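Everything below belongs to query_22.pdb, which stores PDB, C-alpha atoms, pLDDT in the B column.
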```
ATOM      1  CA  MET P  25      25.276  11.543  73.071  1.00 50.00           C
ATOM      2  CA  LYS P  26      27.881   9.136  74.473  1.00 65.00           C
ATOM      3  CA  HIS P  27      27.094   5.429  74.129  1.00 72.00           C
ATOM      4  CA  THR P  28      28.733   2.701  76.172  1.00 83.00           C
ATOM      5  CA  PHE P  29      28.383  -0.856  74.907  1.00 93.00           C
ATOM      6  CA  ASN P  30      29.552  -4.177  76.233  1.00 95.00           C
ATOM      7  CA  GLU P  31      31.791  -6.434  74.132  1.00 95.00           C
ATOM      8  CA  GLU P  32      28.863  -8.430  72.717  1.00 95.00           C
ATOM      9  CA  ASP P  33      26.956  -5.288  71.620  1.00 95.00           C
ATOM     10  CA  THR P  34      30.135  -3.759  70.172  1.00 96.00           C
ATOM     11  CA  SER P  35      30.714  -6.896  68.126  1.00 95.00           C
ATOM     12  CA  ARG P  36      27.094  -6.932  66.916  1.00 95.00           C
ATOM     13  CA  ILE P  37      27.182  -3.261  65.885  1.00 96.00           C
ATOM     14  CA  ILE P  38      30.362  -3.841  63.871  1.00 96.00           C
ATOM     15  CA  GLU P  39      28.812  -6.927  62.279  1.00 95.00           C
ATOM     16  CA  MET P  40      25.619  -5.054  61.366  1.00 94.00           C
ATOM     17  CA  ALA P  41      27.602  -2.127  59.961  1.00 95.00           C
ATOM     18  CA  TRP P  42      29.540  -4.493  57.661  1.00 94.00           C
ATOM     19  CA  GLU P  43      26.430  -6.350  56.484  1.00 90.00           C
ATOM     20  CA  ASP P  44      25.303  -5.116  53.076  1.00 85.00           C
ATOM     21  CA  ARG P  45      21.589  -5.589  53.716  1.00 83.00           C
ATOM     22  CA  THR P  46      21.423  -4.166  57.229  1.00 88.00           C
ATOM     23  CA  PRO P  47      20.364  -0.514  56.994  1.00 90.00           C
ATOM     24  CA  PHE P  48      21.675   2.124  59.359  1.00 91.00           C
ATOM     25  CA  GLU P  49      18.097   2.521  60.570  1.00 91.00           C
ATOM     26  CA  ALA P  50      18.206  -1.025  61.987  1.00 91.00           C
ATOM     27  CA  ILE P  51      21.292  -0.105  64.019  1.00 94.00           C
ATOM     28  CA  ALA P  52      19.501   3.042  65.185  1.00 94.00           C
ATOM     29  CA  THR P  53      16.468   1.027  66.273  1.00 93.00           C
ATOM     30  CA  GLN P  54      18.493  -1.545  68.211  1.00 94.00           C
ATOM     31  CA  PHE P  55      21.279   0.604  69.603  1.00 95.00           C
ATOM     32  CA  GLY P  56      20.145   4.242  69.358  1.00 95.00           C
ATOM     33  CA  MET P  57      22.944   5.248  66.989  1.00 95.00           C
ATOM     34  CA  ILE P  58      22.318   7.347  63.893  1.00 94.00           C
ATOM     35  CA  GLU P  59      24.541   6.950  60.823  1.00 92.00           C
ATOM     36  CA  SER P  60      27.087   9.555  61.946  1.00 94.00           C
ATOM     37  CA  ASP P  61      27.339   7.780  65.339  1.00 96.00           C
ATOM     38  CA  VAL P  62      28.012   4.483  63.551  1.00 96.00           C
ATOM     39  CA  ILE P  63      30.726   6.107  61.441  1.00 95.00           C
ATOM     40  CA  ARG P  64      32.454   7.496  64.550  1.00 96.00           C
ATOM     41  CA  PHE P  65      32.019   4.140  66.299  1.00 96.00           C
ATOM     42  CA  MET P  66      33.579   2.257  63.394  1.00 97.00           C
ATOM     43  CA  ARG P  67      36.437   4.769  63.117  1.00 97.00           C
ATOM     44  CA  TYR P  68      37.221   4.176  66.803  1.00 96.00           C
ATOM     45  CA  HIS P  69      36.889   0.371  66.792  1.00 96.00           C
ATOM     46  CA  LEU P  70      38.504  -0.537  63.452  1.00 96.00           C
ATOM     47  CA  LYS P  71      42.085  -0.229  62.290  1.00 97.00           C
ATOM     48  CA  SER P  72      42.608   2.661  59.889  1.00 97.00           C
ATOM     49  CA  GLY P  73      42.786   0.467  56.764  1.00 97.00           C
ATOM     50  CA  SER P  74      39.698  -1.507  57.763  1.00 97.00           C
ATOM     51  CA  PHE P  75      37.770   1.686  58.426  1.00 97.00           C
ATOM     52  CA  LYS P  76      38.691   3.106  55.003  1.00 96.00           C
ATOM     53  CA  LEU P  77      37.657  -0.153  53.331  1.00 96.00           C
ATOM     54  CA  TRP P  78      34.347  -0.147  55.227  1.00 95.00           C
ATOM     55  CA  ARG P  79      33.619   3.497  54.302  1.00 94.00           C
ATOM     56  CA  LYS P  80      34.364   2.819  50.656  1.00 92.00           C
ATOM     57  CA  ARG P  81      32.082  -0.225  50.780  1.00 90.00           C
ATOM     58  CA  VAL P  82      29.062   1.447  52.399  1.00 89.00           C
ATOM     59  CA  SER P  83      29.289   4.892  50.775  1.00 87.00           C
ATOM     60  CA  GLY P  84      26.446   5.214  48.299  1.00 77.00           C
ATOM     61  CA  ARG P  85      25.155   1.692  48.939  1.00 77.00           C
ATOM     62  CA  ALA P  86      21.371   1.856  48.638  1.00 75.00           C
ATOM     63  CA  THR P  87      20.794  -1.168  50.886  1.00 73.00           C
ATOM     64  CA  LYS P  88      22.402   0.629  53.853  1.00 75.00           C
ATOM     65  CA  HIS P  89      19.595   3.221  53.835  1.00 69.00           C
ATOM     66  CA  ALA P  90      16.004   2.066  54.272  1.00 65.00           C
ATOM     67  CA  MET P  91      14.616   4.969  52.218  1.00 66.00           C
ATOM     68  CA  ARG P  92      16.859   4.127  49.250  1.00 52.00           C
ATOM     69  CA  ARG P  93      16.296   0.375  49.216  1.00 51.00           C
ATOM     70  CA  PRO P  94      14.585  -1.228  46.235  1.00 53.00           C
ATOM     71  CA  GLU P  95      10.887  -1.817  46.764  1.00 60.00           C
ATOM     72  CA  GLY P  96      10.093  -5.179  48.311  1.00 56.00           C
ATOM     73  CA  ILE P  97      13.283  -5.519  50.385  1.00 52.00           C
ATOM     74  CA  GLU P  98      12.181  -5.211  53.970  1.00 55.00           C
ATOM     75  CA  ARG P  99      14.470  -7.634  55.764  1.00 53.00           C
ATOM     76  CA  GLY P 100      17.807  -6.627  57.199  1.00 52.00           C
ATOM     77  CA  TYR P 101      19.684  -9.713  56.054  1.00 51.00           C
ATOM     78  CA  CYS P 102      19.822 -12.255  53.279  1.00 52.00           C
ATOM     79  CA  SER P 103      17.555 -15.267  53.840  1.00 55.00           C
ATOM     80  CA  THR P 104      20.571 -17.605  53.530  1.00 53.00           C
ATOM     81  CA  GLN P 105      22.822 -15.546  55.802  1.00 51.00           C
ATOM     82  CA  TYR P 106      22.044 -17.326  59.045  1.00 49.00           C
ATOM     83  CA  LYS P 107      22.417 -21.067  58.621  1.00 49.00           C
ATOM     84  CA  HIS P 108      20.644 -23.297  61.104  1.00 45.00           C
ATOM     85  CA  ARG P 109      21.814 -26.794  61.918  1.00 45.00           C
ATOM     86  CA  GLY P 110      19.391 -29.650  61.568  1.00 48.00           C
ATOM     87  CA  LYS P 111      17.566 -30.902  64.630  1.00 42.00           C
TER
END
```

Would you kindly transcribe this structure into structure tokens?
Amino acid sequence: MKHTFNEEDTSRIIEMAWEDRTPFEAIATQFGMIESDVIRFMRYHLKSGSFKLWRKRVSGRATKHAMRRPEGIERGYCSTQYKHRGK
């Protein structure tokens, strides 16, 4: 299946793919891309060296797969990841 994303969605997919605690299943839920789609997407959108670094980083990482995550981790990001400014 061919996916077409705008610049904002493309940026968000790349960001989610790099995040350690965001599982591939979260990307599938939001954007309809399974893991192999994300790999092809990243290969296309990243420079060769960046893609290789990303693959090395996510290969075998339990937090990138919901079924392999440690029990009790249900969120897709670290609680301190998104900082909010005071009112």

For the atom pair CA of Asn30 (chain P) and CA of Leu70 (chain P), what is the interatomic distance in Å to one decimal place?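 Computing it gives 16.0 Å between the two atoms.
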
Rounded to one decimal place, report the CA of Lys76 (chain P)-CA of Pro47 (chain P) distance in Å. 18.8 Å

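The spacing separating CA of His27 (chain P) from CA of Lys80 (chain P) amounts to 24.7 Å.
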
Could you expand the PyMOL selection byres ((chain P and resi 79) around 12) into the explicit residues it covers here, written as an MDAnalysis selection string? chainID P and resid 41:42 59:60 62:64 66:67 70 72:78 80:85 88

Which residue gives the smallest distance to Thr87 (chain P) among P:Lys71, P:Phe65, P:Ala52, P:Arg45, with all atoms listed in the file counted? P:Arg45
